[in-house]
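Enquirer: Got a structure for you, model-v3.txt, holding compact mmCIF, C-alpha atoms.
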# COMPACT_ATOMS: atom_id res chain seq x y z
CA MET A 1 68.83 18.93 116.71
CA THR A 2 66.68 15.90 117.46
CA VAL A 3 63.56 17.10 115.70
CA LEU A 4 65.49 17.46 112.42
CA THR A 5 67.89 14.52 112.62
CA ASN A 6 65.02 12.09 113.25
CA LEU A 7 63.30 13.05 110.00
CA VAL A 8 63.70 10.86 106.92
CA LYS A 9 63.86 13.36 104.06
CA ILE A 10 62.94 12.50 100.48
CA GLU A 11 64.14 14.57 97.52
CA GLY A 12 61.64 15.74 94.93
CA PHE A 13 60.50 18.64 92.77
CA PHE A 14 57.45 20.89 92.90
CA ARG A 15 55.05 20.58 89.98
CA GLU A 16 51.69 22.20 90.70
CA ARG A 17 49.61 23.50 93.57
CA ILE A 18 46.09 22.08 93.65
CA ASN A 19 44.76 24.13 96.57
CA ARG A 20 46.07 25.73 99.76
CA PHE A 21 47.09 22.42 101.34
CA LEU A 22 47.65 20.02 98.44
CA CYS A 23 50.11 19.87 95.55
CA HIS A 24 51.62 17.61 92.91
CA VAL A 25 55.30 16.75 93.32
CA GLU A 26 57.75 14.68 91.32
CA ILE A 27 59.75 11.97 93.09
CA GLN A 28 62.16 9.82 91.08
CA GLY A 29 60.44 10.85 87.85
CA LYS A 30 56.93 10.01 89.03
CA ASN A 31 54.04 12.33 89.89
CA ASN A 32 52.80 12.12 93.48
CA LEU A 33 50.30 13.84 95.73
CA ALA A 34 51.69 15.74 98.73
CA TYR A 35 50.22 17.61 101.69
CA LEU A 36 51.42 21.20 102.02
CA PRO A 37 51.38 22.27 105.70
CA ASN A 38 51.51 25.99 104.93
CA PRO A 39 48.55 28.16 103.80
CA GLY A 40 50.74 30.99 102.48
CA ARG A 41 50.93 31.92 98.80
CA LEU A 42 54.61 30.92 98.61
CA TRP A 43 54.86 32.38 95.10
CA GLU A 44 58.63 32.77 95.14
CA LEU A 45 59.18 29.26 96.54
CA LEU A 46 56.67 27.02 94.79
CA LEU A 47 57.63 27.54 91.17
CA PRO A 48 57.55 24.57 88.76
CA GLY A 49 60.76 22.58 89.09
CA THR A 50 61.72 23.92 92.54
CA PRO A 51 63.69 21.26 94.51
CA LEU A 52 61.82 20.01 97.57
CA LEU A 53 62.46 17.91 100.62
CA LEU A 54 59.48 15.76 101.60
CA THR A 55 58.65 13.40 104.44
CA THR A 56 56.22 10.51 104.57
CA SER A 57 52.79 11.93 105.20
CA ARG A 58 51.30 12.49 108.60
CA PHE A 59 47.99 11.61 106.86
CA LYS A 60 48.75 7.97 106.13
CA GLY A 61 46.48 6.43 103.52
CA LYS A 62 45.27 9.84 102.29
CA TYR A 63 48.33 11.68 100.97
CA PRO A 64 51.60 9.75 100.67
CA TYR A 65 53.95 12.70 101.31
CA THR A 66 54.24 15.99 103.21
CA VAL A 67 56.22 18.94 101.85
CA PHE A 68 58.91 19.77 104.39
CA ALA A 69 61.19 22.33 102.73
CA ALA A 70 61.82 24.12 99.43
CA ARG A 71 65.10 25.25 97.93
CA LYS A 72 65.71 28.97 97.48
CA ASN A 73 69.09 29.96 96.10
CA ALA A 74 71.67 28.13 98.22
CA SER A 75 69.46 27.38 101.22
CA TRP A 76 66.56 25.21 102.29
CA VAL A 77 63.44 27.02 103.52
CA ILE A 78 61.30 25.02 105.92
CA LEU A 79 57.62 25.29 104.98
CA ASP A 80 56.12 23.03 107.63
CA THR A 81 54.79 25.47 110.25
CA GLN A 82 54.38 22.68 112.82
CA MET A 83 58.08 21.89 112.45
CA THR A 84 58.92 25.53 113.17
CA ASN A 85 57.22 25.22 116.55
CA LEU A 86 59.19 22.07 117.38
CA ILE A 87 62.46 23.78 116.42
CA ILE A 88 61.65 26.77 118.65
CA GLU A 89 60.92 24.38 121.54
CA GLU A 90 64.37 22.83 121.20
CA LEU A 91 66.05 26.21 120.90
CA LEU A 92 64.28 27.29 124.10
CA LEU A 93 65.52 24.16 125.87
CA GLU A 94 69.07 24.85 124.64
CA LYS A 95 68.84 28.54 125.74
CA ARG A 96 69.74 29.71 122.23
CA ILE A 97 67.17 32.50 121.92
CA PRO A 98 68.77 35.33 123.94
CA PHE A 99 65.62 37.24 124.91
CA LEU A 100 63.92 33.99 126.03
CA LYS A 101 66.86 32.34 127.80
CA ASP A 102 65.26 32.76 131.23
CA TYR A 103 62.04 31.01 130.22
CA THR A 104 61.03 27.36 130.30
CA LEU A 105 58.18 25.62 128.52
CA LYS A 106 55.02 25.32 130.61
CA GLY A 107 52.36 24.39 128.04
CA LYS A 108 51.47 23.93 124.36
CA GLU A 109 48.44 24.77 122.23
CA VAL A 110 46.99 26.94 124.98
CA LYS A 111 43.32 27.77 124.34
CA LEU A 112 42.34 31.27 125.44
CA LEU A 113 39.56 33.53 124.16
CA LYS A 114 38.84 32.33 120.58
CA SER A 115 42.33 31.10 119.71
CA ARG A 116 44.97 28.52 120.46
CA PHE A 117 48.40 29.97 121.15
CA ASP A 118 51.50 27.94 120.39
CA LEU A 119 53.39 27.96 123.67
CA LEU A 120 53.09 29.06 127.28
CA LEU A 121 56.41 29.93 128.90
CA SER A 122 57.40 30.83 132.43
CA ASP A 123 60.45 32.47 134.02
CA GLY A 124 59.42 31.27 137.50
CA ARG A 125 57.72 34.55 138.36
CA LYS A 126 55.33 35.21 135.49
CA ASP A 127 53.94 33.42 132.46
CA LEU A 128 54.39 34.48 128.83
CA LEU A 129 52.14 33.49 125.92
CA LEU A 130 54.18 32.90 122.77
CA GLU A 131 52.64 32.82 119.30
CA ILE A 132 55.03 31.66 116.55
CA LYS A 133 54.72 32.76 112.92
CA THR A 134 56.78 31.08 110.20
CA CYS A 135 58.12 33.70 107.78
CA THR A 136 59.04 32.48 104.29
CA LEU A 137 58.75 35.81 102.46
CA PHE A 138 62.16 37.47 102.31
CA GLY A 139 64.58 39.25 100.06
CA SER A 140 68.32 39.72 100.47
CA ARG A 141 68.06 41.40 103.91
CA LEU A 142 64.39 42.21 104.54
CA SER A 143 61.73 39.70 105.63
CA MET A 144 57.96 40.18 105.85
CA PHE A 145 54.89 38.38 107.17
CA PRO A 146 52.32 37.35 106.04
CA ASP A 147 52.72 36.48 102.35
CA ALA A 148 48.90 36.36 101.97
CA PRO A 149 46.11 38.14 103.87
CA SER A 150 45.76 36.46 107.27
CA GLU A 151 42.62 37.05 109.31
CA ARG A 152 43.80 34.37 111.74
CA GLY A 153 47.08 36.26 112.21
CA ARG A 154 45.22 39.50 112.84
CA ARG A 155 42.99 37.82 115.43
CA HIS A 156 46.04 36.46 117.21
CA LEU A 157 47.48 39.97 117.51
CA LEU A 158 44.25 41.41 118.89
CA GLU A 159 43.86 38.62 121.44
CA LEU A 160 47.53 38.80 122.44
CA SER A 161 47.01 42.50 123.10
CA GLU A 162 44.22 41.60 125.55
CA LEU A 163 46.08 38.76 127.24
CA GLY A 164 49.62 40.09 127.10
CA GLY A 165 52.22 38.05 125.25
CA MET A 166 54.82 37.83 122.51
CA CYS A 167 54.52 37.24 118.78
CA LEU A 168 57.71 35.68 117.43
CA PHE A 169 58.36 35.79 113.68
CA VAL A 170 60.74 33.02 112.64
CA VAL A 171 62.48 33.80 109.35
CA MET A 172 63.92 30.93 107.33
CA ASN A 173 66.81 32.96 105.95
CA PRO A 174 70.12 33.50 107.80
CA GLU A 175 70.94 36.59 105.69
CA SER A 176 67.95 38.60 106.92
CA GLU A 177 68.66 41.68 109.00
CA TYR A 178 65.24 43.36 109.18
CA PHE A 179 61.63 42.36 109.65
CA LEU A 180 58.40 44.25 108.90
CA PRO A 181 54.76 43.27 108.60
CA ALA A 182 53.93 42.77 104.92
CA TYR A 183 52.25 46.11 104.32
CA HIS A 184 52.01 45.55 100.55
CA VAL A 185 50.23 42.22 101.05
CA ASP A 186 48.02 42.62 104.13
CA PRO A 187 47.20 46.21 105.12
CA VAL A 188 44.69 45.00 107.75
CA PHE A 189 47.30 42.88 109.53
CA THR A 190 49.76 45.77 109.29
CA SER A 191 47.27 48.25 110.76
CA THR A 192 46.59 45.84 113.62
CA PHE A 193 50.35 45.37 114.16
CA LEU A 194 50.74 49.12 114.64
CA GLU A 195 47.59 49.35 116.75
CA VAL A 196 48.79 46.78 119.32
CA LYS A 197 52.55 47.41 119.23
CA ASP A 198 52.56 48.85 122.77
CA ARG A 199 50.64 45.88 124.22
CA VAL A 200 52.26 42.97 122.34
CA ILE A 201 55.96 42.14 122.40
CA PHE A 202 57.09 41.76 118.79
CA LYS A 203 60.31 39.87 118.11
CA ALA A 204 61.82 38.38 114.95
CA ILE A 205 64.69 35.93 114.53
CA SER A 206 66.37 34.39 111.52
CA LEU A 207 67.52 30.77 111.47
CA GLY A 208 70.39 29.27 109.51
CA PHE A 209 70.65 25.53 108.88
CA ASP A 210 73.40 23.18 107.78
CA GLU A 211 73.29 21.76 104.25
CA ALA A 212 71.77 18.47 105.42
CA LEU A 213 69.04 20.39 107.24
CA GLU A 214 69.73 18.52 110.46
CA LYS A 215 70.72 21.32 112.81
CA VAL A 216 70.31 25.04 113.40
CA ILE A 217 73.71 26.65 113.04
CA SER A 218 72.68 30.28 113.60
CA VAL A 219 70.03 32.21 115.52
CA LYS A 220 69.94 35.97 115.00
CA GLU A 221 67.55 38.61 116.28
CA LEU A 222 66.31 40.96 113.55
CA LYS A 223 65.64 44.68 113.72
CA ILE A 224 62.05 45.90 113.30
CA PRO A 225 62.36 49.44 111.85
CA LEU A 226 58.97 50.88 112.76
CA GLU A 227 59.95 54.36 111.62
CA VAL A 228 60.21 53.00 108.07
CA LEU A 229 56.81 51.36 108.35
CA TYR A 230 55.20 54.65 109.34
CA LYS A 231 56.63 56.28 106.21
CA ALA A 232 55.99 53.45 103.76
CA PHE A 233 52.55 52.26 104.88
CA LYS A 234 50.33 54.75 103.08
CA PRO A 235 47.53 54.20 100.48
CA SER A 236 49.72 55.32 97.60
CA GLY A 237 51.68 53.40 95.01
CA VAL A 238 51.43 51.21 91.94
CA TYR A 239 49.69 47.94 91.23
CA LEU A 240 49.55 45.06 88.79
CA LEU A 241 46.11 43.90 87.73
CA LEU A 242 46.23 40.28 86.52
CA LEU A 243 43.33 39.26 84.24
CA GLU A 244 42.45 36.21 82.18
CA LEU A 245 40.48 35.90 78.94
CA LYS A 246 39.12 32.39 78.40
CA THR A 247 38.58 32.90 74.65
CA ASP A 248 39.71 35.27 71.90
CA LYS A 249 37.63 38.44 72.06
CA ARG A 250 37.25 41.57 69.95
CA ILE A 251 36.65 44.53 72.25
CA SER A 252 36.06 48.17 71.41
CA VAL A 253 38.40 50.26 73.57
CA GLY A 254 37.40 53.94 73.35
CA THR A 255 39.58 55.97 70.98
CA LEU A 256 41.85 52.95 70.42
CA GLY A 257 39.04 51.33 68.45
CA GLU A 258 38.37 47.60 68.19
CA ILE A 259 41.18 45.37 69.42
CA LEU A 260 41.52 41.59 69.16
CA PHE A 261 42.51 40.26 72.57
CA ASN A 262 43.85 36.73 72.38
CA LYS A 263 42.97 34.05 74.89
CA GLY A 264 45.46 34.17 77.76
CA PHE A 265 46.63 36.39 80.60
CA TYR A 266 47.00 40.14 80.78
CA VAL A 267 48.91 42.27 83.27
CA TYR A 268 47.95 45.92 83.57
CA VAL A 269 50.17 48.47 85.34
CA GLY A 270 48.37 51.26 87.17
CA SER A 271 49.00 53.75 89.95
CA ALA A 272 47.19 55.84 92.54
CA ILE A 273 48.77 58.80 94.29
CA ARG A 274 46.09 58.56 96.98
CA ASN A 275 43.13 56.30 97.78
CA LEU A 276 44.90 53.25 96.39
CA TYR A 277 42.55 50.74 98.03
CA GLN A 278 39.44 52.42 96.63
CA ARG A 279 41.01 52.20 93.17
CA LEU A 280 41.70 48.49 93.60
CA LYS A 281 38.13 47.80 94.75
CA ARG A 282 36.87 49.53 91.63
CA HIS A 283 38.97 47.26 89.42
CA GLU A 284 37.44 44.19 91.02
CA LYS A 285 34.01 45.06 89.60
CA HIS A 286 32.98 43.81 86.16
CA LYS A 287 30.36 46.45 85.51
CA LYS A 288 31.02 50.13 86.20
CA ARG A 289 31.12 53.49 84.50
CA ILE A 290 33.77 53.34 81.80
CA ARG A 291 36.61 55.70 82.63
CA TRP A 292 39.92 54.13 81.58
CA HIS A 293 41.13 51.74 78.88
CA ILE A 294 41.33 48.90 81.39
CA ASP A 295 37.60 49.23 82.16
CA TYR A 296 36.75 48.00 78.65
CA LEU A 297 38.83 44.84 79.07
CA ARG A 298 37.70 44.27 82.66
CA GLU A 299 34.08 43.89 81.48
CA TYR A 300 35.01 40.63 79.74
CA ALA A 301 38.06 39.34 81.59
CA ASP A 302 38.13 37.35 84.81
CA HIS A 303 39.98 39.00 87.66
CA LEU A 304 42.68 36.76 89.04
CA ARG A 305 44.81 38.95 91.28
CA ILE A 306 45.66 42.51 92.22
CA ILE A 307 49.27 42.97 93.31
CA PRO A 308 49.83 46.32 95.08
CA ILE A 309 53.25 47.87 95.68
CA LEU A 310 53.07 50.68 98.22
CA THR A 311 55.62 53.38 97.49
CA PRO A 312 55.87 57.19 97.49
CA GLU A 313 57.95 56.97 94.31
CA LYS A 314 56.46 57.35 90.83
CA ILE A 315 57.55 54.02 89.36
CA GLU A 316 54.56 53.15 87.15
CA CYS A 317 56.44 53.65 83.88
CA GLU A 318 59.60 52.00 85.20
CA LEU A 319 57.57 48.95 86.20
CA ALA A 320 55.89 48.89 82.77
CA GLN A 321 59.28 48.93 81.04
CA ASN A 322 60.45 46.01 83.16
CA LEU A 323 57.29 44.02 82.42
CA LYS A 324 57.70 44.61 78.71
CA THR A 325 60.85 42.48 78.73
CA LEU A 326 58.96 39.53 80.27
CA ALA A 327 55.74 39.54 78.23
CA GLN A 328 55.03 37.80 74.93
CA SER A 329 53.54 40.98 73.49
CA ILE A 330 52.02 44.36 74.34
CA ILE A 331 48.74 46.05 73.43
CA PRO A 332 49.99 49.31 71.86
CA HIS A 333 49.02 52.61 73.53
CA PHE A 334 46.81 50.83 76.08
CA GLY A 335 46.74 52.74 79.38
CA SER A 336 49.65 54.95 78.36
CA SER A 337 47.97 57.98 76.79
CA ASP A 338 49.41 60.29 79.47
CA CYS A 339 53.04 59.09 79.28
CA ASN A 340 55.69 58.07 76.74
CA CYS A 341 55.38 54.31 77.31
CA LYS A 342 54.35 52.10 74.40
CA SER A 343 51.83 50.35 76.62
CA HIS A 344 50.79 49.56 80.17
CA LEU A 345 49.08 46.28 79.23
CA PHE A 346 51.09 43.11 78.66
CA TYR A 347 50.11 39.72 77.28
CA PHE A 348 51.24 36.31 78.58
CA GLU A 349 50.16 32.98 77.08
CA GLU A 350 50.43 31.29 80.51
CA THR A 351 49.92 32.74 83.97
CA PRO A 352 52.91 34.92 84.88
CA LEU A 353 52.57 33.79 88.50
CA LYS A 354 54.54 30.68 87.49
CA LEU A 355 57.38 32.72 86.00
CA LYS A 356 60.39 33.19 88.25
CA ASP A 357 61.35 36.53 86.65
CA PHE A 358 57.84 37.91 87.19
CA ILE A 359 57.81 36.98 90.88
CA GLU A 360 61.33 38.34 91.34
CA LEU A 361 60.26 41.64 89.79
CA ILE A 362 57.42 41.98 92.30
CA ASN A 363 59.70 41.10 95.19
CA PHE A 364 62.37 43.55 94.04
CA TYR A 365 59.94 46.43 94.57
CA ARG A 366 58.39 44.96 97.71
CA LEU A 367 61.48 43.62 99.48
CA GLU A 368 64.58 45.32 98.04
CA LYS A 369 63.49 48.90 97.38
CA PRO A 370 62.40 49.44 101.03
CA LEU A 371 66.03 48.82 102.03
CA GLU A 372 66.81 52.24 100.55
CA LEU A 373 64.33 53.80 102.97
CA ILE A 374 65.79 51.79 105.86
CA ALA A 375 69.29 52.96 104.96
CA SER A 376 68.20 56.60 104.94
CA GLN A 377 66.95 56.51 108.54
Represent the structure of the file as structure tokens.
Expert:
Amino acid sequence: MTVLTNLVKIEGFFRERINRFLCHVEIQGKNNLAYLPNPGRLWELLLPGTPLLLTTSRFKGKYPYTVFAARKNASWVILDTQMTNLIIEELLLEKRIPFLKDYTLKGKEVKLLKSRFDLLLSDGRKDLLLEIKTCTLFGSRLSMFPDAPSERGRRHLLELSELGGMCLFVVMNPESEYFLPAYHVDPVFTSTFLEVKDRVIFKAISLGFDEALEKVISVKELKIPLEVLYKAFKPSGVYLLLLELKTDKRISVGTLGEILFNKGFYVYVGSAIRNLYQRLKRHEKHKKRIRWHIDYLREYADHLRIIPILTPEKIECELAQNLKTLAQSIIPHFGSSDCNCKSHLFYFEETPLKLKDFIELINFYRLEKPLELIASQ
């Protein structure tokens, strides 16, 4: 594949993300600045020490390198969304995407309404707008998009529904079998997906690459099990509330009395049988009527992240037990007065978002557990 074989790839390691589009990488033992052409969270891919493939930067004189791909298990995952588009163009030319084999490329970066759409195709009788989304969030067999809330993605769906067209999700994992919108991560995008499903053609494919990342060796269409989405996408489930205390702080916590909270990071496990999103909005506020143990801590701690897991199952205590094995310590009896758990609040000296086991735990419930629901259909 010309677009891949012409690239000069440089080996390196991920060190730290500075912002959405910039990170520190290590190349031959030295720290370097690199452009990251992907606005996603990429939690499971950009962990400290992750092997990377880089190219010389497209921003010469500003950033010396561009992140091209990250290693996950035994495969490379392409992160450069612009490269995904170029790969799809070549696959179209080679007639390797079955449902698009009758189409040829007519235009690129087509500006319509308020957006630019990636490609304009034609089968000689009618045109087809094609918007391409790079999917890097996947488990063993299930892939999802987006991995962070995407207003741009939602707008694309709404405008495609007006214009008529196809949204193609390109998954960088040859083992994937299923695709769904990331209902845990972006409920607004998911609602829009369901709203326009009869007016937008949704397709998903997985790509497999050779070890040298020079050619596409497999192209597979994925199933989109909408019946599972209708069952799973409800405002009910569990959540992790990630907080940070900048200094040691003694806080009076209701009947638990005064507790010394050390400087660092805290993860609280909660649940909501209904009205999950209202519960999460409440947690975002510093000042509110005190109702639960977590409200006392929230008054003083900075909110970093809320991580919802939508599920009809009652897994709050199971999740707490799993977190206990990862944390440095627990705050006894915190948030667990109505169950037999020792605690639902866990302490980490450093942010758990950089811990592989923490990210894998989240993705187990988000990407592996739904496979049970898929299998039952």
Enquirer: Can you work out which one of A:Ser376, A:Gln328, A:Thr55, A:Asn173 has the shortest atom-to-atom distance to Ala74 of chain A, counting all atoms listed in the file?
Expert: A:Asn173
Enquirer: Fewer than 6 positions away in the same chain doesn't count, so skip those; otherwise give me all residues within 9 Å of Val185 of chain A, counting all atoms listed in the file, as a ChimeraX atom specification.
Expert: /A:145-149,307-309
Enquirer: Could you pull the residues within 10 Å of Ile18 of chain A, counting all atoms listed in the file, minus those fewer than 3 positions along the same chain, as a compact mmCIF listing (two decimals) with C-alpha atoms, keeping the file's coordinate frame?
Expert:
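Final file, around-v2.txt:
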# COMPACT_ATOMS: atom_id res chain seq x y z
CA ARG A 15 55.05 20.58 89.98
CA PHE A 21 47.09 22.42 101.34
CA LEU A 22 47.65 20.02 98.44
CA CYS A 23 50.11 19.87 95.55
CA HIS A 24 51.62 17.61 92.91
CA LEU A 33 50.30 13.84 95.73
CA ALA A 34 51.69 15.74 98.73
CA LEU A 36 51.42 21.20 102.02
Enquirer: Scan for residues within 7 Å of the point (62.9, 42.4, 85.8) in the coordinates of the file, using only C-alpha atoms, and reply as a list of chain:residue names.
Expert: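 Within 7 Å of (62.9, 42.4, 85.8), the protein and nucleic acid residues are A:Asn322, A:Leu323, A:Asp357, A:Phe358, A:Leu361.
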Enquirer: Please build the interface table for segment 114-232 of chain A against segment 45-50 of chain A with a cut-off of 12 Å, listing for each qualifying residue the nearest atom pair and the distance in Å to one decimal; count only C-alpha atoms, order rows by chain and increasing number, and write it as JSON lines.
Expert:
{"residue": "A:Thr136", "atom": "CA", "partner": "A:Leu45", "partner_atom": "CA", "distance": 8.4}
{"residue": "A:Leu137", "atom": "CA", "partner": "A:Leu45", "partner_atom": "CA", "distance": 8.8}
{"residue": "A:Phe138", "atom": "CA", "partner": "A:Leu45", "partner_atom": "CA", "distance": 10.5}
{"residue": "A:Gly139", "atom": "CA", "partner": "A:Leu45", "partner_atom": "CA", "distance": 11.9}
{"residue": "A:Asp147", "atom": "CA", "partner": "A:Leu45", "partner_atom": "CA", "distance": 11.3}
{"residue": "A:Met172", "atom": "CA", "partner": "A:Leu45", "partner_atom": "CA", "distance": 11.9}
Enquirer: Counting only C-alpha atoms, which residue out of A:Arg96, A:Val110, A:Cys135, A:Leu213 sits closest to Arg71 of chain A?
Expert: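 Closest residue, counting only C-alpha atoms: A:Leu213.
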Enquirer: Between atom CA of His293 of chain A and atom CA of Ser236 of chain A, what is the distance, to one decimal in Å?
Expert: 20.9 Å
